[in-house]
Each structure stands twice: as C-alpha cells, then as structure tokens.
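Colleague: So here's structure_28.cif, just mmCIF, C-alpha atoms:
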```cif
data_work
loop_
_atom_site.label_atom_id
_atom_site.label_comp_id
_atom_site.auth_asym_id
_atom_site.auth_seq_id
_atom_site.Cartn_x
_atom_site.Cartn_y
_atom_site.Cartn_z
CA MET R 1 -35.58 12.52 -15.57
CA HIS R 2 -36.55 10.95 -18.90
CA PHE R 3 -36.29 7.55 -17.21
CA TRP R 4 -39.61 8.13 -15.48
CA LYS R 5 -41.28 9.45 -18.59
CA CYS R 6 -40.50 6.78 -21.17
CA ASN R 7 -42.61 3.85 -22.21
CA ASN R 8 -46.00 5.40 -21.71
CA ASN R 9 -48.30 2.86 -23.37
CA TRP R 10 -51.47 4.40 -22.04
CA GLY R 11 -51.65 7.69 -23.90
CA ASP R 12 -53.47 10.29 -21.86
CA LYS R 13 -55.27 7.84 -19.64
CA LEU R 14 -52.77 7.74 -16.83
CA ILE R 15 -53.98 6.48 -13.49
CA TYR R 16 -51.00 7.13 -11.24
CA SER R 17 -48.70 10.08 -10.81
CA TRP R 18 -45.98 10.13 -8.18
CA LYS R 19 -46.85 13.70 -7.20
CA LYS R 20 -50.44 12.68 -6.43
CA ILE R 21 -49.26 9.64 -4.47
CA VAL R 22 -46.97 11.85 -2.39
CA LYS R 23 -49.65 14.51 -1.88
CA ASN R 24 -52.26 11.97 -0.77
CA GLY R 25 -49.81 10.20 1.51
CA ILE R 26 -48.41 13.15 3.44
CA PRO R 27 -51.40 14.07 5.71
CA ILE R 28 -52.31 10.55 6.89
CA LEU R 29 -48.65 9.52 7.28
CA THR R 30 -47.84 12.67 9.27
CA ILE R 31 -50.71 11.96 11.69
CA CYS R 32 -49.54 8.34 12.05
CA ILE R 33 -45.95 9.48 12.67
CA CYS R 34 -47.01 11.91 15.42
CA ILE R 35 -48.84 9.13 17.26
CA GLU R 36 -45.93 6.70 16.75
CA ILE R 37 -43.44 9.28 18.11
CA PHE R 38 -45.65 9.49 21.21
CA ALA R 39 -45.34 5.68 21.53
CA GLY R 40 -41.57 6.04 21.05
CA GLN R 41 -41.38 8.60 23.86
CA ILE R 42 -43.13 6.13 26.20
CA LEU R 43 -40.40 3.61 25.26
CA GLN R 44 -37.68 6.17 25.94
CA GLY R 45 -39.25 7.04 29.31
CA ASN R 46 -39.21 3.36 30.30
CA GLN R 47 -35.95 2.39 28.63
CA ASN R 48 -34.20 1.44 31.87
CA LYS R 49 -36.80 -1.27 32.48
CA LEU R 50 -36.38 -2.51 28.90
CA PHE R 51 -32.58 -2.65 29.13
CA LEU R 52 -32.80 -4.48 32.46
CA ILE R 53 -35.20 -7.13 31.14
CA PRO R 54 -34.39 -7.30 27.38
CA ILE R 55 -36.98 -10.03 26.77
CA PHE R 56 -39.65 -7.30 26.86
CA LEU R 57 -37.70 -5.25 24.30
CA ILE R 58 -37.70 -8.29 22.00
CA SER R 59 -41.45 -8.76 22.55
CA ILE R 60 -42.53 -5.25 21.54
CA PRO R 61 -42.59 -5.77 17.73
CA VAL R 62 -44.50 -9.04 18.26
CA VAL R 63 -47.07 -7.54 20.65
CA ASN R 64 -47.68 -4.60 18.29
CA GLY R 65 -47.54 -6.70 15.11
CA ILE R 66 -50.18 -9.25 16.16
CA GLY R 67 -52.52 -6.49 17.33
CA GLY R 68 -52.18 -4.60 14.05
CA ASN R 69 -52.55 -7.71 11.88
CA ILE R 70 -55.69 -8.96 13.60
CA GLY R 71 -57.24 -5.50 13.61
CA SER R 72 -56.50 -5.14 9.87
CA ILE R 73 -57.86 -8.61 9.02
CA LEU R 74 -61.05 -7.95 11.02
CA GLY R 75 -61.38 -4.53 9.38
CA ALA R 76 -60.90 -5.92 5.87
CA ARG R 77 -63.50 -8.65 6.55
CA LEU R 78 -66.00 -6.17 7.96
CA ALA R 79 -65.41 -3.89 4.97
CA SER R 80 -66.08 -6.75 2.52
CA GLY R 81 -69.14 -7.79 4.55
CA LEU R 82 -70.52 -4.24 4.56
CA HIS R 83 -69.83 -3.76 0.82
CA THR R 84 -71.58 -7.01 -0.10
CA GLY R 85 -74.43 -6.53 2.37
CA LEU R 86 -73.61 -9.68 4.37
CA ILE R 87 -73.04 -7.50 7.42
CA GLU R 88 -75.59 -4.89 8.43
CA LEU R 89 -74.71 -1.52 9.91
CA ASN R 90 -76.02 -2.59 13.31
CA ILE R 91 -74.10 -3.31 16.53
CA LYS R 92 -76.32 -6.36 17.06
CA ASP R 93 -75.34 -7.93 13.71
CA LYS R 94 -74.63 -11.64 14.23
CA SER R 95 -71.89 -11.95 11.58
CA MET R 96 -70.07 -8.94 12.96
CA ARG R 97 -70.13 -10.45 16.45
CA GLU R 98 -68.90 -13.82 15.17
CA ASN R 99 -66.00 -12.08 13.45
CA PHE R 100 -65.29 -10.04 16.56
CA PHE R 101 -65.13 -13.07 18.85
CA SER R 102 -63.08 -15.07 16.33
CA SER R 103 -60.54 -12.22 16.37
CA LEU R 104 -60.31 -12.43 20.18
CA LEU R 105 -59.73 -16.19 19.94
CA ILE R 106 -57.11 -15.93 17.19
CA GLY R 107 -55.37 -13.14 19.11
CA PHE R 108 -55.26 -15.02 22.39
CA ILE R 109 -53.91 -18.24 20.83
CA SER R 110 -51.28 -16.29 18.83
CA TYR R 111 -50.05 -14.30 21.84
CA VAL R 112 -49.65 -17.37 24.08
CA ALA R 113 -47.97 -19.43 21.32
CA LEU R 114 -45.53 -16.64 20.43
CA ALA R 115 -44.83 -15.85 24.11
CA ILE R 116 -43.66 -19.46 24.60
CA LEU R 117 -41.55 -19.20 21.43
CA ILE R 118 -39.97 -15.87 22.48
CA TYR R 119 -39.19 -17.25 25.92
CA TYR R 120 -37.35 -20.29 24.58
CA ILE R 121 -35.51 -18.30 21.89
CA ALA R 122 -34.32 -15.92 24.61
CA TYR R 123 -33.47 -18.87 26.86
CA PHE R 124 -31.35 -20.67 24.25
CA GLY R 125 -29.95 -17.39 22.93
CA ASN R 126 -28.48 -16.68 26.39
CA ILE R 127 -30.42 -13.44 26.74
CA GLN R 128 -30.43 -12.18 30.30
CA MET R 129 -33.73 -13.08 31.98
CA ASN R 130 -34.97 -12.28 35.46
CA ILE R 131 -38.42 -13.70 34.82
CA GLY R 132 -40.08 -17.14 34.85
CA LEU R 133 -41.89 -18.73 31.92
CA LEU R 134 -45.34 -18.58 33.54
CA GLU R 135 -44.87 -14.99 34.65
CA PHE R 136 -43.77 -14.00 31.11
CA ILE R 137 -46.63 -15.88 29.41
CA SER R 138 -49.19 -14.29 31.72
CA ILE R 139 -47.85 -10.76 31.11
CA ILE R 140 -47.82 -11.19 27.30
CA GLY R 141 -51.09 -13.17 27.31
CA ILE R 142 -53.00 -10.58 29.39
CA THR R 143 -51.42 -7.66 27.47
CA GLY R 144 -52.39 -9.36 24.22
CA PHE R 145 -55.94 -10.11 25.30
CA LEU R 146 -56.59 -6.55 26.50
CA LEU R 147 -54.95 -5.14 23.37
CA ILE R 148 -56.98 -7.37 21.03
CA ILE R 149 -60.25 -6.31 22.71
CA LEU R 150 -59.32 -2.62 22.28
CA VAL R 151 -58.02 -3.03 18.69
CA SER R 152 -61.06 -5.09 17.60
CA LEU R 153 -63.42 -2.51 19.06
CA ILE R 154 -61.54 0.27 17.25
CA SER R 155 -61.65 -1.78 14.05
CA VAL R 156 -65.45 -2.28 14.25
CA ILE R 157 -66.03 1.38 15.13
CA THR R 158 -63.75 2.64 12.31
CA ALA R 159 -65.26 0.29 9.70
CA PHE R 160 -68.86 1.16 10.65
CA TRP R 161 -68.12 4.88 10.95
CA ALA R 162 -66.33 4.96 7.58
CA PHE R 163 -69.10 3.00 5.87
CA LYS R 164 -71.77 5.25 7.35
CA LYS R 165 -69.87 8.35 6.15
CA GLY R 166 -69.62 6.91 2.64
CA LEU R 167 -65.84 6.45 2.87
CA ASP R 168 -64.19 3.18 1.87
CA PRO R 169 -63.50 1.24 5.10
CA ASP R 170 -60.67 -0.59 3.26
CA ASP R 171 -58.66 2.65 3.16
CA MET R 172 -59.41 3.76 6.70
CA VAL R 173 -59.16 0.73 8.98
CA ALA R 174 -55.56 -0.43 8.37
CA PRO R 175 -53.73 2.84 9.19
CA VAL R 176 -56.03 3.68 12.11
CA VAL R 177 -55.76 0.21 13.63
CA THR R 178 -52.00 -0.29 13.21
CA THR R 179 -51.19 3.15 14.62
CA THR R 180 -53.50 3.04 17.63
CA GLY R 181 -52.54 -0.64 18.13
CA ASP R 182 -48.82 0.23 18.42
CA THR R 183 -49.45 2.96 20.98
CA LEU R 184 -52.00 1.00 23.04
CA GLY R 185 -49.76 -2.11 22.94
CA ILE R 186 -46.84 -0.22 24.49
CA ILE R 187 -49.08 1.50 27.08
CA VAL R 188 -50.82 -1.75 28.14
CA LEU R 189 -47.49 -3.63 28.34
CA PHE R 190 -45.91 -1.06 30.68
CA LEU R 191 -49.06 -0.78 32.82
CA LEU R 192 -48.97 -4.56 33.34
CA ILE R 193 -45.23 -4.67 33.99
CA GLY R 194 -45.81 -1.88 36.55
CA ALA R 195 -48.85 -3.64 38.09
CA ILE R 196 -47.00 -6.94 38.50
CA GLY R 197 -44.09 -4.98 39.89
CA ILE R 198 -40.95 -6.16 38.15
CA MET M 199 -69.76 -20.33 8.79
CA PHE M 200 -68.23 -16.98 8.11
CA ALA M 201 -65.94 -17.03 11.11
CA LYS M 202 -64.58 -20.59 10.97
CA GLU M 203 -62.79 -19.88 7.68
CA MET M 204 -61.24 -16.81 9.33
CA LEU M 205 -59.77 -18.98 12.10
CA LYS M 206 -58.39 -21.46 9.59
CA GLN M 207 -56.76 -18.95 7.23
CA SER M 208 -55.78 -16.12 9.54
CA LEU M 209 -54.38 -17.96 12.57
CA PRO M 210 -51.40 -19.51 10.69
CA LEU M 211 -50.75 -16.20 8.89
CA VAL M 212 -50.79 -14.20 12.14
CA ILE M 213 -48.41 -16.69 13.80
CA ILE M 214 -46.01 -16.64 10.81
CA CYS M 215 -46.04 -12.82 10.88
CA GLY M 216 -45.41 -13.05 14.63
CA ILE M 217 -42.23 -15.03 13.90
CA GLY M 218 -41.16 -12.15 11.64
CA GLY M 219 -41.87 -9.93 14.65
CA ILE M 220 -39.54 -12.07 16.79
CA ILE M 221 -36.71 -11.52 14.26
CA THR M 222 -37.41 -7.77 14.44
CA GLY M 223 -37.42 -7.96 18.23
CA ASN M 224 -34.14 -9.82 18.36
CA THR M 225 -32.53 -7.19 16.12
CA LEU M 226 -33.83 -4.59 18.58
CA GLY M 227 -32.41 -6.67 21.45
CA ALA M 228 -29.01 -6.77 19.73
CA MET M 229 -29.09 -2.95 19.52
CA ILE M 230 -29.23 -2.33 23.29
CA ASP M 231 -25.71 -0.80 23.45
CA LEU M 232 -26.46 1.53 20.52
CA LEU M 233 -29.81 2.52 22.06
CA GLU M 234 -27.99 3.42 25.28
CA ASP M 235 -25.29 5.38 23.43
CA ILE M 236 -27.55 7.38 21.09
CA PRO M 237 -30.35 9.13 22.99
CA GLY M 238 -33.50 9.55 20.92
CA LEU M 239 -32.84 6.46 18.80
CA ILE M 240 -35.44 4.35 20.66
CA VAL M 241 -38.04 7.09 20.03
CA VAL M 242 -37.92 6.74 16.23
CA ILE M 243 -38.24 2.94 16.16
CA PRO M 244 -42.05 2.56 16.31
CA ALA M 245 -42.44 5.39 13.77
CA VAL M 246 -39.89 3.97 11.29
CA ILE M 247 -41.40 0.47 11.47
CA ALA M 248 -44.94 1.80 11.06
CA LEU M 249 -43.94 4.11 8.19
CA ARG M 250 -42.44 1.24 6.18
CA GLY M 251 -45.55 -0.84 6.77
CA ASN M 252 -47.87 2.00 5.76
CA ILE M 253 -45.99 3.05 2.60
CA ASN M 254 -45.39 -0.47 1.33
CA THR M 255 -48.81 -1.93 2.07
CA ALA M 256 -50.29 1.10 0.29
CA LEU M 257 -47.95 0.44 -2.68
CA GLY M 258 -48.90 -3.24 -2.68
CA SER M 259 -52.59 -2.46 -2.46
CA ARG M 260 -52.36 0.13 -5.30
CA LEU M 261 -50.54 -2.39 -7.48
CA GLY M 262 -53.22 -4.95 -6.56
CA SER M 263 -55.92 -2.57 -7.75
CA ALA M 264 -53.88 -1.76 -10.89
CA TYR M 265 -53.76 -5.48 -11.62
CA HIS M 266 -57.54 -5.82 -11.23
CA LEU M 267 -57.98 -2.76 -13.47
CA GLY M 268 -55.80 -4.43 -16.10
CA VAL M 269 -53.15 -1.70 -16.04
CA ILE M 270 -50.25 -4.01 -15.19
CA ASP M 271 -49.59 -7.74 -15.35
CA ALA M 272 -46.60 -10.11 -15.39
CA GLU M 273 -45.82 -9.43 -19.10
CA ASN M 274 -46.32 -5.69 -18.89
CA LEU M 275 -44.85 -5.04 -15.45
CA TRP M 276 -42.09 -2.47 -15.95
CA ASN M 277 -44.26 0.30 -17.37
CA PHE M 278 -45.01 3.95 -16.72
CA GLU M 279 -47.66 3.31 -14.04
CA LEU M 280 -45.30 1.11 -12.05
CA LYS M 281 -42.53 3.70 -12.24
CA GLN M 282 -44.88 6.43 -10.97
CA ASN M 283 -45.84 4.19 -8.06
CA ILE M 284 -42.21 3.43 -7.22
CA MET M 285 -41.20 7.08 -7.50
CA GLY M 286 -44.10 8.11 -5.23
CA SER M 287 -43.16 5.56 -2.57
CA ILE M 288 -39.47 6.50 -2.56
CA VAL M 289 -40.17 10.25 -2.36
CA LEU M 290 -42.61 9.61 0.52
CA SER M 291 -40.02 7.44 2.31
CA VAL M 292 -37.35 10.14 2.25
CA LEU M 293 -39.71 13.01 3.11
CA MET M 294 -41.43 11.19 5.97
CA SER M 295 -38.12 9.92 7.41
CA LEU M 296 -36.98 13.53 7.62
CA ILE M 297 -40.19 14.44 9.49
CA ILE M 298 -39.69 11.50 11.90
CA GLY M 299 -36.17 12.66 12.72
CA VAL M 300 -37.23 16.26 13.33
CA LEU M 301 -40.28 15.32 15.44
CA ALA M 302 -38.27 12.83 17.53
CA TYR M 303 -35.67 15.54 18.20
CA VAL M 304 -38.19 18.25 19.11
CA SER M 305 -40.33 15.99 21.33
CA SER M 306 -37.22 14.71 23.13
CA ILE M 307 -36.15 18.26 23.97
CA ILE M 308 -39.61 18.98 25.41
CA LEU M 309 -39.15 15.89 27.62
CA ASN M 310 -35.66 16.99 28.73
CA VAL M 311 -33.66 14.48 26.72
CA TYR M 312 -31.04 16.06 24.47
CA PRO M 313 -30.17 13.97 21.40
CA ASP M 314 -27.61 15.04 18.78
CA PRO M 315 -29.99 16.41 16.08
CA LEU M 316 -27.71 15.83 13.07
CA LYS M 317 -26.85 12.29 14.10
CA LEU M 318 -30.47 11.34 14.84
CA ILE M 319 -31.89 12.81 11.61
CA ALA M 320 -29.05 11.35 9.53
CA ILE M 321 -29.68 7.86 10.97
CA VAL M 322 -33.42 8.00 10.25
CA VAL M 323 -33.03 9.38 6.72
CA LEU M 324 -30.27 6.92 5.76
CA ALA M 325 -32.39 4.06 7.15
CA GLY M 326 -35.42 5.43 5.26
CA ILE M 327 -33.56 5.54 1.93
CA LEU M 328 -31.97 2.09 2.39
CA SER M 329 -35.13 0.32 3.51
CA GLY M 330 -37.21 2.23 0.92
CA LEU M 331 -35.01 0.93 -1.92
CA ILE M 332 -34.79 -2.64 -0.58
CA LEU M 333 -38.52 -2.90 0.09
CA THR M 334 -39.59 -1.35 -3.21
CA PHE M 335 -37.40 -3.92 -4.96
CA LEU M 336 -38.94 -6.70 -2.83
CA THR M 337 -42.46 -5.42 -3.54
CA ILE M 338 -41.85 -5.68 -7.29
CA ILE M 339 -40.51 -9.24 -6.92
CA ILE M 340 -43.47 -10.30 -4.76
CA ILE M 341 -45.94 -8.65 -7.14
CA TYR M 342 -44.25 -10.34 -10.12
CA ILE M 343 -44.46 -13.80 -8.49
CA VAL M 344 -48.08 -13.21 -7.46
CA PHE M 345 -49.06 -12.09 -11.02
CA LYS M 346 -47.13 -14.93 -12.65
CA ARG M 347 -48.90 -17.52 -10.53
CA GLY M 348 -52.30 -15.88 -10.90
CA TYR M 349 -52.95 -15.36 -7.18
CA ASN M 350 -55.13 -12.54 -5.95
CA PRO M 351 -52.57 -9.89 -4.87
CA ASP M 352 -54.98 -8.51 -2.25
CA ASN M 353 -54.66 -11.67 -0.15
CA ILE M 354 -50.88 -11.81 -0.16
CA THR M 355 -49.14 -8.47 -0.50
CA GLY M 356 -50.49 -6.81 2.69
CA PRO M 357 -49.24 -9.21 5.39
CA ALA M 358 -46.15 -10.23 3.37
CA LEU M 359 -45.02 -6.62 2.88
CA ALA M 360 -45.85 -5.59 6.45
CA THR M 361 -43.72 -8.42 7.83
CA PHE M 362 -40.77 -7.93 5.42
CA GLY M 363 -41.08 -4.21 6.11
CA ASP M 364 -40.66 -4.69 9.88
CA VAL M 365 -37.63 -6.93 9.52
CA PHE M 366 -35.81 -4.85 6.89
CA SER M 367 -36.54 -1.43 8.42
CA MET M 368 -35.20 -2.69 11.76
CA LEU M 369 -32.02 -4.05 10.09
CA CYS M 370 -31.59 -0.77 8.17
CA ILE M 371 -31.95 1.31 11.36
CA PHE M 372 -29.37 -0.97 12.99
CA GLY M 373 -26.99 -0.59 10.03
CA SER M 374 -27.34 3.21 9.78
CA ALA M 375 -26.91 3.61 13.54
CA ILE M 376 -23.64 1.69 13.33
CA ILE M 377 -22.43 3.65 10.27
CA ILE M 378 -23.42 7.11 11.53
CA GLY M 379 -22.78 6.38 15.20
CA GLY M 380 -19.26 5.30 14.23
CA ILE M 381 -18.48 8.54 12.35
CA ASN M 382 -17.73 10.53 15.50
#
```
Represent the structure of the file as structure tokens.

Modeller:
Amino acid sequence: MHFWKCNNNWGDKLIYSWKKIVKNGIPILTICICIEIFAGQILQGNQNKLFLIPIFLISIPVVNGIGGNIGSILGARLASGLHTGLIELNIKDKSMRENFFSSLLIGFISYVALAILIYYIAYFGNIQMNIGLLEFISIIGITGFLLIILVSLISVITAFWAFKKGLDPDDMVAPVVTTTGDTLGIIVLFLLIGAIGI
Amino acid sequence: MFAKEMLKQSLPLVIICGIGGIITGNTLGAMIDLLEDIPGLIVVIPAVIALRGNINTALGSRLGSAYHLGVIDAENLWNFELKQNIMGSIVLSVLMSLIIGVLAYVSSIILNVYPDPLKLIAIVVLAGILSGLILTFLTIIIIYIVFKRGYNPDNITGPALATFGDVFSMLCIFGSAIIIGGIN
C-alpha cells in the first residue's frame, strides 16, 4: 500500500485520513440508506402503476432532484445568512421569509418547465402514454409545489435547529433535505396519482 | 435584494440539473424489462442514487475546504491529502453498497417479495465500485478545472457532482444489472 503513503509534503500536519473519512461517513450514510430503502419499497409496492405509465418512472429522478437541490440551496443560503448575522434566529425574520418564498417560486417554475420537457421527450421518444399533457403537468406541478413547501420547511427547521445547537448547518441541511425530499417526493407523487385515479 | 439574486442564479442551475434528472429517468425507463425480471432491483435505486450524491458532494466539499485552507491547488493536486480523500470515498462506496444490498434484501423479505440475494447484492456492489471509480475520477477533473480557472469550488462542485452522480450511478446500475442478470 505504499502508493497511498508516498509524497507526504506536510510532515505531521495531516488533515485527512481515509479511516477517519470512512468512520465519520458510516453513521449518517447508514441512516440515509435506511430511509432511501423505505422509499424504494414504496416504489416496489407501486411498480405495476409505474410500468403501466412509464412517464412517471422517468419523472421520479427529476421530481426528487429538484426538491433536493432547492432544499440544499435554501439551506446553504440560510446557513451563510445565520453565520454572517444577516439572518436572525427568528421565524419572523424578513430575509428568511424572502428566501423561503423565492424557493417556492423557483421550485414551481422548474417543475412546470421540466414537466413540459419530459412530456415532449416521452412523446417524441415513442414512450407509451395514457395521459394528456395538461393532466401530466398538473400532477407534476402539484406534486412539486407540495414537495417544495415540505422540503423548504424542513430546510428552515434543520438550519435553525442546527445553528441553535451550535452545529454547522452547512453539514446538516444537505443530507437531511435530500433524503427526506426523496421519500416525500415518492409518497406525494403516488398519493396524487391515486387521488386523480389513473 | 437578497432573494432576487437567488432567483437569477439558482433557477437556471436547478433547470439544468433537472435535465440531468431527465437523462437519469430515461435510463430508468429503458430498464423496465430488467426491473420486472429482477425483483428487488427497483428498491435499491433511490438508495444508490442518493449514496453517490452524498459521498461525492462530501468529497467535493472537503476538497473545496482543502483548497481554501491552502492544502491543495492546481499545481499541487496529486498529493497525500487528495489520495486519503479518494481512498476514503472509494472504501465508503464499496461498504455502503454492500449495506444497501443487504437491507434491500431483508426489507423485501419482510414485505413478502423474494429477490435472489446473491444477484441483488452483486449488482449493487458492482455498480457501487464502477460508479465510485468513474465519479472519483470526474471529481478530480472538475476540481482541477475549477482550481485552474480560480473559481470558488463551493459554488460549482455540489450541484455538478450531484447531477453527474445521478446520471452515472443510474448507468452503472443498468450496466451491472445486464452483466449480472445475464450470468444465469
């Protein structure tokens, strides 16, 4: 293993060790995996619906991805705001609310734009569809809007809670938000598909 | 004032990442026959995608901090600290993939679905090793370009690695399912 030991220009002052990285990563990653497996079991339980209308299968990474990205961006901004003192640890803080509502707006625009794109890619890619454009946009749009509200709330709560506890919100928000976002995204999507009755 | 800049910078980024998500989704759509043939395979997909994102964004964010601390830069990139980081990420990838396979198998049995344990775990671990190697390599390239151009790595590596991570982990799962599914 001398490959990993050569070229040490920093004497004794080493910052990283792979053993420490692995040790720090295992607990948080294991928790995330357990929650994601739960999301996966919901997919498996509903897989007949997904195979019947594959456009929803294609949409899942997009629905989850947008939710996670917006939650992480909001969290990172709140963390910077809290660190610099621009945002106060108060649920009535004006900057926090502006950021929160901007996230809802960005989320809603992104979901509708990408729903139209997915629909036409599926249409021209000859993917089997038993659903109209408006019906599809409303399902993805409403799913997205509900998901963004939930994810943004979780992001604010996690950032504020972490900051209050003296933990770095930068470390906490991203894993919490992406993991809960994936699970909530899949749950909300199937609830809506069920409610509309496809 | 604070929020307008967020709309301007984040909206295009979120939409571009969404297009990466569509590529991931279409790969998933192309896998329908495999998903039907191999029970339990659909269970591991959210976990594998999330794992790649978590490990690689953490790697990117550590390398970002290392850059700000002056430990690595474009001229002194391939050093001991970088190797420790790479080693840590690859060991985590393999270990966590194994845990995903085992948990997916056990939870499926509880829910009365009976996957082939060896096949399922082998697919996840092979996909974990393949995507771990590809994405670590990509991370180093992205970090090198970012350092060379003098950008702030914190602004770029997170979303870029999360999106590449989704696409490549999905392709690797697809590839391993074909290889291992075809063995018997």

Colleague: Taking all atoms listed in the file into account, what are the residues of chain R at most 7 Å from chain M, put as a ChimeraX atom specification?

Modeller: /R:4-8,16-19,21-22,33,36-37,39-41,43-44,51,54,57-62,65-66,69,98-99,102,106,110,114,118,175

Colleague: When you draw a straight line from atom CA of Leu191 of chain R to atom CA of Ile154 of chain R, how long is it in Å?

Modeller: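 Between these atoms lies a distance of 20.0 Å.
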
Colleague: Work out how far atom CA of Gly181 of chain R is from atom CA of Asn64 of chain R, in Å to one decimal.

Modeller: 6.3 Å

Colleague: Report the residues retrieved by the PyMOL selection byres ((chain R and resi 120) around 12) from the displayed file, expressed as a list in words.

Modeller: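 Residues picked by the PyMOL selection byres ((chain R and resi 120) around 12): Ile55, Ala113, Leu114, Ala115, Ile116, Leu117, Ile118, Tyr119, Ile121, Ala122, Tyr123, Phe124, Gly125, Asn126, Ile127, Met129, Gly132, Leu133, Phe136 and Ile137 of chain R; Ile220 of chain M.
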
Colleague: Excluding Ala320 of chain M and any residue of its chain fewer than 6 positions from it, enumerate the residues within 9 Å of it, using all atoms listed in the file, and give them as a ChimeraX atom specification.

Modeller: /M:296,299,374-375,378

Colleague: Could you state the separation of atom CA of Glu88 of chain R and atom CA of Phe145 of chain R in Å, given to one decimal place?

Modeller: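 Result for atom CA of Glu88 of chain R versus atom CA of Phe145 of chain R: 26.4 Å, one decimal.
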
Colleague: Return the padded bounding box of segment 15-32 of chain R as lines of an AutoDock Vina configuration file: axis-aligned, built from all atoms listed in the file, 4 Å added on each side, with centre and edge lengths in Å to one decimal.

Modeller:
```
center_x = -50.0
center_y = 10.5
center_z = -0.7
size_x = 16.0
size_y = 16.0
size_z = 33.5
```

Colleague: Starting from the displayed file, determine the output of the PyMOL selection byres ((chain M and resi 344) around 12) and express the residue list as a PDB file with C-alpha atoms, in the frame of the given file.

Modeller:
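Result file is out-v9.pdb:
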```
ATOM      1  CA  GLY M 258     -48.900  -3.240  -2.680  1.00  0.00           C
ATOM      2  CA  LEU M 261     -50.540  -2.390  -7.480  1.00  0.00           C
ATOM      3  CA  GLY M 262     -53.220  -4.950  -6.560  1.00  0.00           C
ATOM      4  CA  TYR M 265     -53.760  -5.480 -11.620  1.00  0.00           C
ATOM      5  CA  ASP M 271     -49.590  -7.740 -15.350  1.00  0.00           C
ATOM      6  CA  ALA M 272     -46.600 -10.110 -15.390  1.00  0.00           C
ATOM      7  CA  LEU M 275     -44.850  -5.040 -15.450  1.00  0.00           C
ATOM      8  CA  THR M 337     -42.460  -5.420  -3.540  1.00  0.00           C
ATOM      9  CA  ILE M 338     -41.850  -5.680  -7.290  1.00  0.00           C
ATOM     10  CA  ILE M 339     -40.510  -9.240  -6.920  1.00  0.00           C
ATOM     11  CA  ILE M 340     -43.470 -10.300  -4.760  1.00  0.00           C
ATOM     12  CA  ILE M 341     -45.940  -8.650  -7.140  1.00  0.00           C
ATOM     13  CA  TYR M 342     -44.250 -10.340 -10.120  1.00  0.00           C
ATOM     14  CA  ILE M 343     -44.460 -13.800  -8.490  1.00  0.00           C
ATOM     15  CA  PHE M 345     -49.060 -12.090 -11.020  1.00  0.00           C
ATOM     16  CA  LYS M 346     -47.130 -14.930 -12.650  1.00  0.00           C
ATOM     17  CA  ARG M 347     -48.900 -17.520 -10.530  1.00  0.00           C
ATOM     18  CA  GLY M 348     -52.300 -15.880 -10.900  1.00  0.00           C
ATOM     19  CA  TYR M 349     -52.950 -15.360  -7.180  1.00  0.00           C
ATOM     20  CA  ASN M 350     -55.130 -12.540  -5.950  1.00  0.00           C
ATOM     21  CA  PRO M 351     -52.570  -9.890  -4.870  1.00  0.00           C
ATOM     22  CA  ASP M 352     -54.980  -8.510  -2.250  1.00  0.00           C
ATOM     23  CA  ASN M 353     -54.660 -11.670  -0.150  1.00  0.00           C
ATOM     24  CA  ILE M 354     -50.880 -11.810  -0.160  1.00  0.00           C
ATOM     25  CA  THR M 355     -49.140  -8.470  -0.500  1.00  0.00           C
ATOM     26  CA  ALA M 358     -46.150 -10.230   3.370  1.00  0.00           C
TER      27      ALA M 358
END
```

Colleague: Exactly which residues make up the result of the PyMOL selection byres ((chain R and resi 91-97) around 12) on this file, given as JSON, numbers by chain?

Modeller: {"R": [74, 75, 76, 77, 78, 79, 80, 81, 82, 85, 86, 87, 88, 89, 90, 98, 99, 100, 101, 102, 103, 104, 152, 153, 155, 156, 157, 159, 160, 161], "M": [199, 200, 201, 202, 204]}

Colleague: With distances taken over all atoms listed in the file, which of M:Cys370, M:Leu232, M:Ile377, M:Val300 is nearest to Ile332 of chain M?

Modeller: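 Closest residue, counting all atoms listed in the file: M:Cys370.
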
Colleague: In terms of the shortest atom-to-atom distance over only C-alpha atoms, which of M:Asn254, M:Gly268, M:Phe335, M:Gly379 is closest to Leu316 of chain M?

Modeller: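 Of all the options, M:Gly379 lies closest to Leu316 of chain M.
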
Colleague: Nearest to Ile140 of chain R among R:Thr183, R:Phe108, R:Asp171, R:Thr158, with distances taken over all atoms listed in the file: which residue is it?

Modeller: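 With all atoms listed in the file as the atom set, the closest residue is R:Phe108.
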
Colleague: Hey, what's within 12 Å of Ala195 of chain R if we count all atoms listed in the file and toss same-chain stuff fewer than 3 positions away? As a PDB file with C-alpha atoms, in the frame of the given file, please?

Modeller:
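What ended up in result-v3.pdb:
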```
ATOM      1  CA  ILE R 139     -47.850 -10.760  31.110  1.00  0.00           C
ATOM      2  CA  ILE R 142     -53.000 -10.580  29.390  1.00  0.00           C
ATOM      3  CA  THR R 143     -51.420  -7.660  27.470  1.00  0.00           C
ATOM      4  CA  VAL R 188     -50.820  -1.750  28.140  1.00  0.00           C
ATOM      5  CA  LEU R 189     -47.490  -3.630  28.340  1.00  0.00           C
ATOM      6  CA  PHE R 190     -45.910  -1.060  30.680  1.00  0.00           C
ATOM      7  CA  LEU R 191     -49.060  -0.780  32.820  1.00  0.00           C
ATOM      8  CA  LEU R 192     -48.970  -4.560  33.340  1.00  0.00           C
ATOM      9  CA  ILE R 198     -40.950  -6.160  38.150  1.00  0.00           C
TER      10      ILE R 198
END
```

Colleague: Could you pull the residues within 9 Å of Leu52 of chain R, counting only C-alpha atoms, minus those fewer than 4 positions along the same chain, as a ChimeraX atom specification?

Modeller: /R:47-48,128-130
